[in-house]
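Note: the block below is structure-v5.cif and it holds mmCIF, C-alpha atoms.
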data_target
loop_
_atom_site.group_PDB
_atom_site.id
_atom_site.type_symbol
_atom_site.label_atom_id
_atom_site.label_comp_id
_atom_site.auth_asym_id
_atom_site.auth_seq_id
_atom_site.Cartn_x
_atom_site.Cartn_y
_atom_site.Cartn_z
ATOM 1 C CA MET A 89 -5.222 -17.069 -15.682
ATOM 2 C CA ARG A 90 -5.967 -14.584 -12.952
ATOM 3 C CA GLY A 91 -7.388 -15.402 -9.548
ATOM 4 C CA PRO A 92 -10.573 -13.876 -8.179
ATOM 5 C CA GLU A 93 -10.707 -10.113 -8.521
ATOM 6 C CA VAL A 94 -11.720 -9.436 -4.965
ATOM 7 C CA ILE A 95 -10.942 -6.087 -3.447
ATOM 8 C CA SER A 96 -11.612 -5.929 0.285
ATOM 9 C CA THR A 97 -11.797 -2.719 2.280
ATOM 10 C CA PHE A 98 -11.316 -2.507 6.050
ATOM 11 C CA HIS A 99 -11.754 0.704 8.033
ATOM 12 C CA ASN A 100 -10.394 2.038 11.338
ATOM 13 C CA ILE A 101 -7.203 -0.009 11.333
ATOM 14 C CA GLY A 102 -4.555 1.416 13.665
ATOM 15 C CA ILE A 103 -6.224 4.819 13.888
ATOM 16 C CA GLU A 104 -4.463 5.537 17.187
ATOM 17 C CA LEU A 105 -1.146 5.149 15.316
ATOM 18 C CA LEU A 106 -1.855 7.538 12.443
ATOM 19 C CA ASP A 107 -0.214 10.677 13.872
ATOM 20 C CA ASP A 108 2.972 8.821 14.826
ATOM 21 C CA LEU A 109 3.111 6.999 11.475
ATOM 22 C CA GLN A 110 2.597 10.224 9.555
ATOM 23 C CA LYS A 111 5.372 12.037 11.448
ATOM 24 C CA LEU A 112 7.749 9.074 11.080
ATOM 25 C CA ILE A 113 7.154 8.620 7.346
ATOM 26 C CA LEU A 114 7.440 12.328 6.571
ATOM 27 C CA ARG A 115 10.668 12.493 8.590
ATOM 28 C CA MET A 116 11.994 9.445 6.702
ATOM 29 C CA SER A 117 11.032 10.984 3.341
ATOM 30 C CA GLU A 118 12.992 14.136 4.167
ATOM 31 C CA SER A 119 16.077 12.444 5.615
ATOM 32 C CA THR A 120 16.612 9.289 3.562
ATOM 33 C CA GLY A 121 17.112 8.627 -0.094
ATOM 34 C CA ARG A 122 14.356 7.534 -2.392
ATOM 35 C CA TYR A 123 14.233 3.804 -3.073
ATOM 36 C CA PRO A 124 13.878 2.925 -6.783
ATOM 37 C CA THR A 125 10.231 3.121 -7.824
ATOM 38 C CA THR A 126 7.943 3.721 -10.760
ATOM 39 C CA ASN A 127 6.093 6.273 -8.608
ATOM 40 C CA ILE A 128 6.606 9.452 -10.646
ATOM 41 C CA GLY A 129 7.783 12.292 -8.430
ATOM 42 C CA GLY A 130 6.910 10.501 -5.197
ATOM 43 C CA TRP A 131 9.067 9.127 -2.409
ATOM 44 C CA LYS A 132 9.321 5.427 -1.535
ATOM 45 C CA SER A 133 11.069 3.809 1.436
ATOM 46 C CA ASP A 134 12.958 0.561 1.083
ATOM 47 C CA GLU A 135 10.865 -2.596 1.128
ATOM 48 C CA LYS A 136 11.722 -3.386 4.746
ATOM 49 C CA PHE A 137 9.518 -0.677 6.242
ATOM 50 C CA PHE A 138 7.965 -3.146 8.702
ATOM 51 C CA ASP A 139 11.437 -3.788 10.158
ATOM 52 C CA THR A 140 11.645 -0.133 11.257
ATOM 53 C CA PRO A 141 12.269 -0.151 15.036
ATOM 54 C CA HIS A 142 9.427 2.216 15.887
ATOM 55 C CA ILE A 143 6.567 1.241 18.190
ATOM 56 C CA ALA A 144 3.892 2.548 15.794
ATOM 57 C CA VAL A 145 5.298 0.432 12.940
ATOM 58 C CA ARG A 146 5.460 -2.687 15.138
ATOM 59 C CA ARG A 147 1.880 -2.150 16.327
ATOM 60 C CA LEU A 148 0.611 -1.537 12.782
ATOM 61 C CA ARG A 149 2.332 -4.703 11.550
ATOM 62 C CA HIS A 150 0.610 -6.627 14.341
ATOM 63 C CA ASP A 151 -2.758 -5.126 13.356
ATOM 64 C CA LEU A 152 -2.241 -5.893 9.657
ATOM 65 C CA GLU A 153 -1.192 -9.473 10.328
ATOM 66 C CA ARG A 154 -4.817 -10.188 11.311
ATOM 67 C CA PHE A 155 -5.673 -9.859 7.617
ATOM 68 C CA VAL A 156 -2.841 -12.018 6.303
ATOM 69 C CA VAL A 157 -2.762 -14.865 8.835
ATOM 70 C CA GLY A 158 0.004 -17.349 8.072
ATOM 71 C CA LEU A 159 1.599 -15.085 5.520
ATOM 72 C CA ASN A 160 4.880 -13.190 5.659
ATOM 73 C CA ILE A 161 4.438 -9.487 4.916
ATOM 74 C CA THR A 162 6.866 -7.000 3.488
ATOM 75 C CA GLY A 163 6.057 -3.389 2.842
ATOM 76 C CA TRP A 164 7.150 0.108 2.069
ATOM 77 C CA ALA A 165 5.961 3.624 2.773
ATOM 78 C CA MET A 166 5.120 6.087 0.006
ATOM 79 C CA VAL A 167 4.624 9.846 -0.039
ATOM 80 C CA ASN A 168 3.012 11.638 -2.965
ATOM 81 C CA ARG A 169 2.852 15.404 -3.174
ATOM 82 C CA GLU A 170 1.057 17.589 -5.697
ATOM 83 C CA GLY A 171 1.713 16.404 -9.253
ATOM 84 C CA CYS A 172 2.969 12.931 -8.281
ATOM 85 C CA TYR A 173 1.377 9.754 -9.636
ATOM 86 C CA HIS A 174 2.002 6.046 -9.921
ATOM 87 C CA PRO A 175 1.476 4.563 -13.399
ATOM 88 C CA ARG A 176 -0.514 1.392 -14.048
ATOM 89 C CA HIS A 177 1.302 -1.614 -12.580
ATOM 90 C CA GLN A 178 0.775 -4.885 -10.751
ATOM 91 C CA HIS A 179 2.503 -6.816 -7.993
ATOM 92 C CA THR A 180 3.747 -10.306 -8.872
ATOM 93 C CA ASN A 181 4.973 -13.379 -7.012
ATOM 94 C CA VAL A 182 2.856 -12.643 -3.954
ATOM 95 C CA LEU A 183 -0.425 -14.060 -2.712
ATOM 96 C CA LEU A 184 -2.029 -10.813 -1.582
ATOM 97 C CA SER A 185 -1.242 -7.107 -1.719
ATOM 98 C CA GLY A 186 -2.616 -4.155 0.174
ATOM 99 C CA VAL A 187 -2.610 -0.386 0.529
ATOM 100 C CA TYR A 188 -2.910 1.143 3.998
ATOM 101 C CA TYR A 189 -3.849 4.822 3.994
ATOM 102 C CA VAL A 190 -2.009 6.824 6.654
ATOM 103 C CA ASP A 191 -3.335 9.971 4.958
ATOM 104 C CA PRO A 192 -5.312 9.584 1.718
ATOM 105 C CA GLY A 193 -4.617 13.210 0.805
ATOM 106 C CA ASP A 194 -6.838 16.215 0.281
ATOM 107 C CA PRO A 195 -8.618 15.685 -1.963
ATOM 108 C CA VAL A 196 -8.765 11.991 -1.090
ATOM 109 C CA THR A 197 -6.956 10.117 -3.849
ATOM 110 C CA PRO A 198 -7.531 6.366 -3.701
ATOM 111 C CA THR A 199 -5.681 3.770 -5.706
ATOM 112 C CA VAL A 200 -7.711 2.835 -8.803
ATOM 113 C CA PHE A 201 -7.959 -0.844 -9.755
ATOM 114 C CA GLU A 202 -8.752 -2.474 -13.082
ATOM 115 C CA ASP A 203 -10.792 -5.666 -13.451
ATOM 116 C CA SER A 204 -10.254 -8.278 -16.176
ATOM 117 C CA ARG A 205 -12.702 -6.439 -18.467
ATOM 118 C CA GLY A 206 -10.606 -3.289 -18.177
ATOM 119 C CA GLU A 207 -13.211 -1.487 -16.065
ATOM 120 C CA GLU A 208 -11.921 0.762 -13.306
ATOM 121 C CA ILE A 209 -12.817 0.064 -9.690
ATOM 122 C CA THR A 210 -12.347 2.748 -7.053
ATOM 123 C CA PRO A 211 -12.874 1.543 -3.478
ATOM 124 C CA PRO A 212 -15.449 3.715 -1.701
ATOM 125 C CA GLN A 213 -14.987 5.643 1.535
ATOM 126 C CA ILE A 214 -11.205 5.748 1.658
ATOM 127 C CA MET A 215 -9.996 7.546 4.788
ATOM 128 C CA ALA A 216 -7.021 7.508 7.126
ATOM 129 C CA GLY A 217 -6.836 4.057 8.721
ATOM 130 C CA THR A 218 -8.329 2.231 5.704
ATOM 131 C CA LEU A 219 -6.734 -0.962 4.384
ATOM 132 C CA VAL A 220 -7.562 -2.148 0.871
ATOM 133 C CA THR A 221 -6.405 -5.659 -0.049
ATOM 134 C CA PHE A 222 -6.307 -7.078 -3.552
ATOM 135 C CA PRO A 223 -4.982 -10.150 -5.365
ATOM 136 C CA GLU A 224 -1.622 -10.276 -7.047
ATOM 137 C CA ASN A 225 -1.571 -9.345 -10.707
ATOM 138 C CA MET A 226 -4.507 -6.948 -10.360
ATOM 139 C CA TRP A 227 -3.612 -3.866 -12.378
ATOM 140 C CA HIS A 228 -3.833 -0.587 -10.485
ATOM 141 C CA TYR A 229 -2.550 2.971 -10.485
ATOM 142 C CA VAL A 230 -2.596 6.199 -8.499
ATOM 143 C CA PRO A 231 -3.934 9.186 -10.468
ATOM 144 C CA ILE A 232 -2.058 12.485 -10.522
ATOM 145 C CA TYR A 233 -2.337 13.829 -7.009
ATOM 146 C CA GLN A 234 -3.810 17.337 -6.919
ATOM 147 C CA GLY A 235 -3.631 17.917 -3.165
ATOM 148 C CA THR A 236 -1.628 20.372 -1.147
ATOM 149 C CA LYS A 237 -0.793 18.113 1.809
ATOM 150 C CA PRO A 238 1.105 14.822 1.396
ATOM 151 C CA ARG A 239 -0.730 11.625 0.445
ATOM 152 C CA ILE A 240 0.882 8.932 2.642
ATOM 153 C CA THR A 241 0.399 5.193 2.178
ATOM 154 C CA ILE A 242 2.022 1.956 3.262
ATOM 155 C CA VAL A 243 1.965 -0.816 0.683
ATOM 156 C CA LEU A 244 2.215 -4.455 1.680
ATOM 157 C CA ASN A 245 2.803 -7.734 -0.102
ATOM 158 C CA ALA A 246 2.151 -11.098 1.517
ATOM 159 C CA LYS A 247 3.752 -14.455 0.723
ATOM 160 C CA ARG A 248 3.618 -17.811 2.431
ATOM 161 C CA GLU A 249 5.879 -18.080 5.490
ATOM 162 C CA ASP A 250 8.323 -20.180 3.428
ATOM 163 C CA ASN A 251 8.283 -17.393 0.761
ATOM 164 C CA LEU A 252 7.181 -19.837 -1.932
ATOM 165 C CA THR A 253 4.477 -18.801 -4.348
ATOM 166 C CA ILE A 254 1.979 -20.860 -6.278
ATOM 167 C CA SER A 255 3.270 -22.211 -9.587
ATOM 168 C CA ARG A 256 1.465 -20.822 -12.615
ATOM 169 C CA HIS A 257 2.368 -23.863 -14.706
ATOM 170 C CA ALA A 258 0.576 -26.633 -12.832
#
What is this structure when it is put down as structure tokens?
Amino acid sequence: MRGPEVISTFHNIGIELLDDLQKLILRMSESTGRYPTTNIGGWKSDEKFFDTPHIAVRRLRHDLERFVVGLNITGWAMVNREGCYHPRHQHTNVLLSGVYYVDPGDPVTPTVFEDSRGEEITPPQIMAGTLVTFPENMWHYVPIYQGTKPRITIVLNAKREDNLTISRHA
């Protein structure tokens, strides 16, 4: 059984960090290998992005921790260029997931979510500095990106501090 299908959207998170984050992530995408991913054609960092010793990353982590109080977050950066997409998938064994938009692309290409009835939900007003949080196991995908500049996101997963998750067999 799935938990509540609540998608929350928060705007203007870390907007003073966006330029530095964009430069850092693009530099990483050009100089480091691509971590295994189902993101077709896109680049993904390793899942320890928040351990990157860069002031903008540390400040963003601090800002994001306001939304996941008492939870341990992990995350990775993603870059999609024209023609890239991320097929339908879900995150498991976490309590909460999120997508932070460093640059939502041009045209803006938000992540599309699917509710339990199979209806698509697209969060409104996605812009740079937007955080969208959603429950684990909520199906979602990124449509084929048609833009000319990179679409840059940071994905996060949150678990309890002890990294235990809730048993599904209670």
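Reported to one decimal place, the separation of atom CA of Gly235 of chain A from atom CA of Lys111 of chain A is 18.1 Å.
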Expected selection from the PyMOL selection byres ((chain A and resi 134) around 12), given as an mmCIF file with C-alpha atoms, in the frame of the given file:
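Now in part18.cif:
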data_model
loop_
_atom_site.group_PDB
_atom_site.id
_atom_site.type_symbol
_atom_site.label_atom_id
_atom_site.label_comp_id
_atom_site.auth_asym_id
_atom_site.auth_seq_id
_atom_site.Cartn_x
_atom_site.Cartn_y
_atom_site.Cartn_z
ATOM 1 C CA ILE A 113 7.154 8.620 7.346
ATOM 2 C CA MET A 116 11.994 9.445 6.702
ATOM 3 C CA SER A 117 11.032 10.984 3.341
ATOM 4 C CA THR A 120 16.612 9.289 3.562
ATOM 5 C CA GLY A 121 17.112 8.627 -0.094
ATOM 6 C CA ARG A 122 14.356 7.534 -2.392
ATOM 7 C CA TYR A 123 14.233 3.804 -3.073
ATOM 8 C CA PRO A 124 13.878 2.925 -6.783
ATOM 9 C CA THR A 125 10.231 3.121 -7.824
ATOM 10 C CA TRP A 131 9.067 9.127 -2.409
ATOM 11 C CA LYS A 132 9.321 5.427 -1.535
ATOM 12 C CA SER A 133 11.069 3.809 1.436
ATOM 13 C CA GLU A 135 10.865 -2.596 1.128
ATOM 14 C CA LYS A 136 11.722 -3.386 4.746
ATOM 15 C CA PHE A 137 9.518 -0.677 6.242
ATOM 16 C CA PHE A 138 7.965 -3.146 8.702
ATOM 17 C CA ASP A 139 11.437 -3.788 10.158
ATOM 18 C CA THR A 140 11.645 -0.133 11.257
ATOM 19 C CA THR A 162 6.866 -7.000 3.488
ATOM 20 C CA GLY A 163 6.057 -3.389 2.842
ATOM 21 C CA TRP A 164 7.150 0.108 2.069
ATOM 22 C CA ALA A 165 5.961 3.624 2.773
ATOM 23 C CA MET A 166 5.120 6.087 0.006
ATOM 24 C CA ILE A 242 2.022 1.956 3.262
ATOM 25 C CA VAL A 243 1.965 -0.816 0.683
ATOM 26 C CA LEU A 244 2.215 -4.455 1.680
#
Using all atoms listed in the file, find each residue in segment 99-200 of chain A having at least one atom no more than 9 Å away from segment 208-213 of chain A; report its shortest atom-to-atom pair and that distance in Å (one decimal), rows by chain then rising number, as CSV.
residue,atom,partner,partner_atom,distance
A:His99,CA,A:Gln213,CA,8.8
A:Pro198,CA,A:Thr210,CA,6.9
A:Thr199,CA,A:Thr210,CA,6.9
A:Val200,CA,A:Thr210,CA,5.0
Quick check, in Å to one decimal: how far apart do atom CA of Ala144 of chain A and atom CA of Ile101 of chain A lie? 12.2 Å
When the PyMOL selection byres ((chain A and resi 94) around 12) is applied to the structure above, which residues does it catch, written out as a count of residues only? 23
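Distance annotation: of A:Glu104, A:Asp151, A:Glu170, A:Glu118, the residue with the minimal separation from Pro195 of chain A is A:Glu170; atom set is only C-alpha atoms.
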With N, CA and C atoms as the goal, would you fill in the gaps in segment 129-154 of chain A and present it as a compact mmCIF listing (two decimals), keeping the file's coordinate frame?
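For reference, part.txt as written:
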# COMPACT_ATOMS: atom_id res chain seq x y z
N GLY A 129 7.69 11.12 -9.28
CA GLY A 129 7.78 12.29 -8.43
C GLY A 129 7.59 12.02 -6.95
N GLY A 130 7.16 10.83 -6.60
CA GLY A 130 6.91 10.50 -5.20
C GLY A 130 8.12 9.90 -4.51
N TRP A 131 8.01 9.74 -3.21
CA TRP A 131 9.07 9.13 -2.41
C TRP A 131 8.63 7.73 -1.99
N LYS A 132 9.58 6.80 -1.97
CA LYS A 132 9.32 5.43 -1.54
C LYS A 132 10.44 5.00 -0.61
N SER A 133 10.06 4.37 0.54
CA SER A 133 11.07 3.81 1.44
C SER A 133 11.59 2.51 0.84
N ASP A 134 12.56 1.90 1.52
CA ASP A 134 12.96 0.56 1.08
C ASP A 134 11.82 -0.41 1.43
N GLU A 135 11.95 -1.63 0.97
CA GLU A 135 10.86 -2.60 1.13
C GLU A 135 10.90 -3.34 2.46
N LYS A 136 11.66 -2.81 3.41
CA LYS A 136 11.72 -3.39 4.75
C LYS A 136 11.13 -2.43 5.77
N PHE A 137 10.12 -1.66 5.36
CA PHE A 137 9.52 -0.68 6.24
C PHE A 137 9.05 -1.30 7.55
N PHE A 138 8.49 -2.51 7.49
CA PHE A 138 7.96 -3.15 8.70
C PHE A 138 9.05 -3.60 9.67
N ASP A 139 10.32 -3.51 9.26
CA ASP A 139 11.44 -3.79 10.16
C ASP A 139 11.90 -2.54 10.89
N THR A 140 11.29 -1.39 10.60
CA THR A 140 11.64 -0.13 11.26
C THR A 140 11.41 -0.27 12.76
N PRO A 141 12.41 0.03 13.59
CA PRO A 141 12.27 -0.15 15.04
C PRO A 141 11.51 1.01 15.70
N HIS A 142 10.28 1.16 15.33
CA HIS A 142 9.43 2.22 15.89
C HIS A 142 8.16 1.55 16.39
N ILE A 143 7.71 1.91 17.57
CA ILE A 143 6.57 1.24 18.19
C ILE A 143 5.32 1.31 17.32
N ALA A 144 5.08 2.43 16.64
CA ALA A 144 3.89 2.55 15.79
C ALA A 144 3.96 1.58 14.62
N VAL A 145 5.14 1.37 14.05
CA VAL A 145 5.30 0.43 12.94
C VAL A 145 5.07 -0.99 13.43
N ARG A 146 5.64 -1.33 14.59
CA ARG A 146 5.46 -2.69 15.14
C ARG A 146 3.99 -2.96 15.44
N ARG A 147 3.31 -1.97 16.01
CA ARG A 147 1.88 -2.15 16.33
C ARG A 147 1.04 -2.24 15.06
N LEU A 148 1.35 -1.45 14.04
CA LEU A 148 0.61 -1.54 12.78
C LEU A 148 0.82 -2.90 12.14
N ARG A 149 2.06 -3.38 12.12
CA ARG A 149 2.33 -4.70 11.55
C ARG A 149 1.48 -5.76 12.26
N HIS A 150 1.43 -5.68 13.57
CA HIS A 150 0.61 -6.63 14.34
C HIS A 150 -0.86 -6.53 13.92
N ASP A 151 -1.36 -5.31 13.78
CA ASP A 151 -2.76 -5.13 13.36
C ASP A 151 -3.00 -5.68 11.95
N LEU A 152 -2.07 -5.44 11.04
CA LEU A 152 -2.24 -5.89 9.66
C LEU A 152 -2.13 -7.40 9.53
N GLU A 153 -1.35 -8.02 10.41
CA GLU A 153 -1.19 -9.47 10.33
C GLU A 153 -2.50 -10.22 10.58
N ARG A 154 -3.49 -9.57 11.16
CA ARG A 154 -4.82 -10.19 11.31
C ARG A 154 -5.44 -10.49 9.95
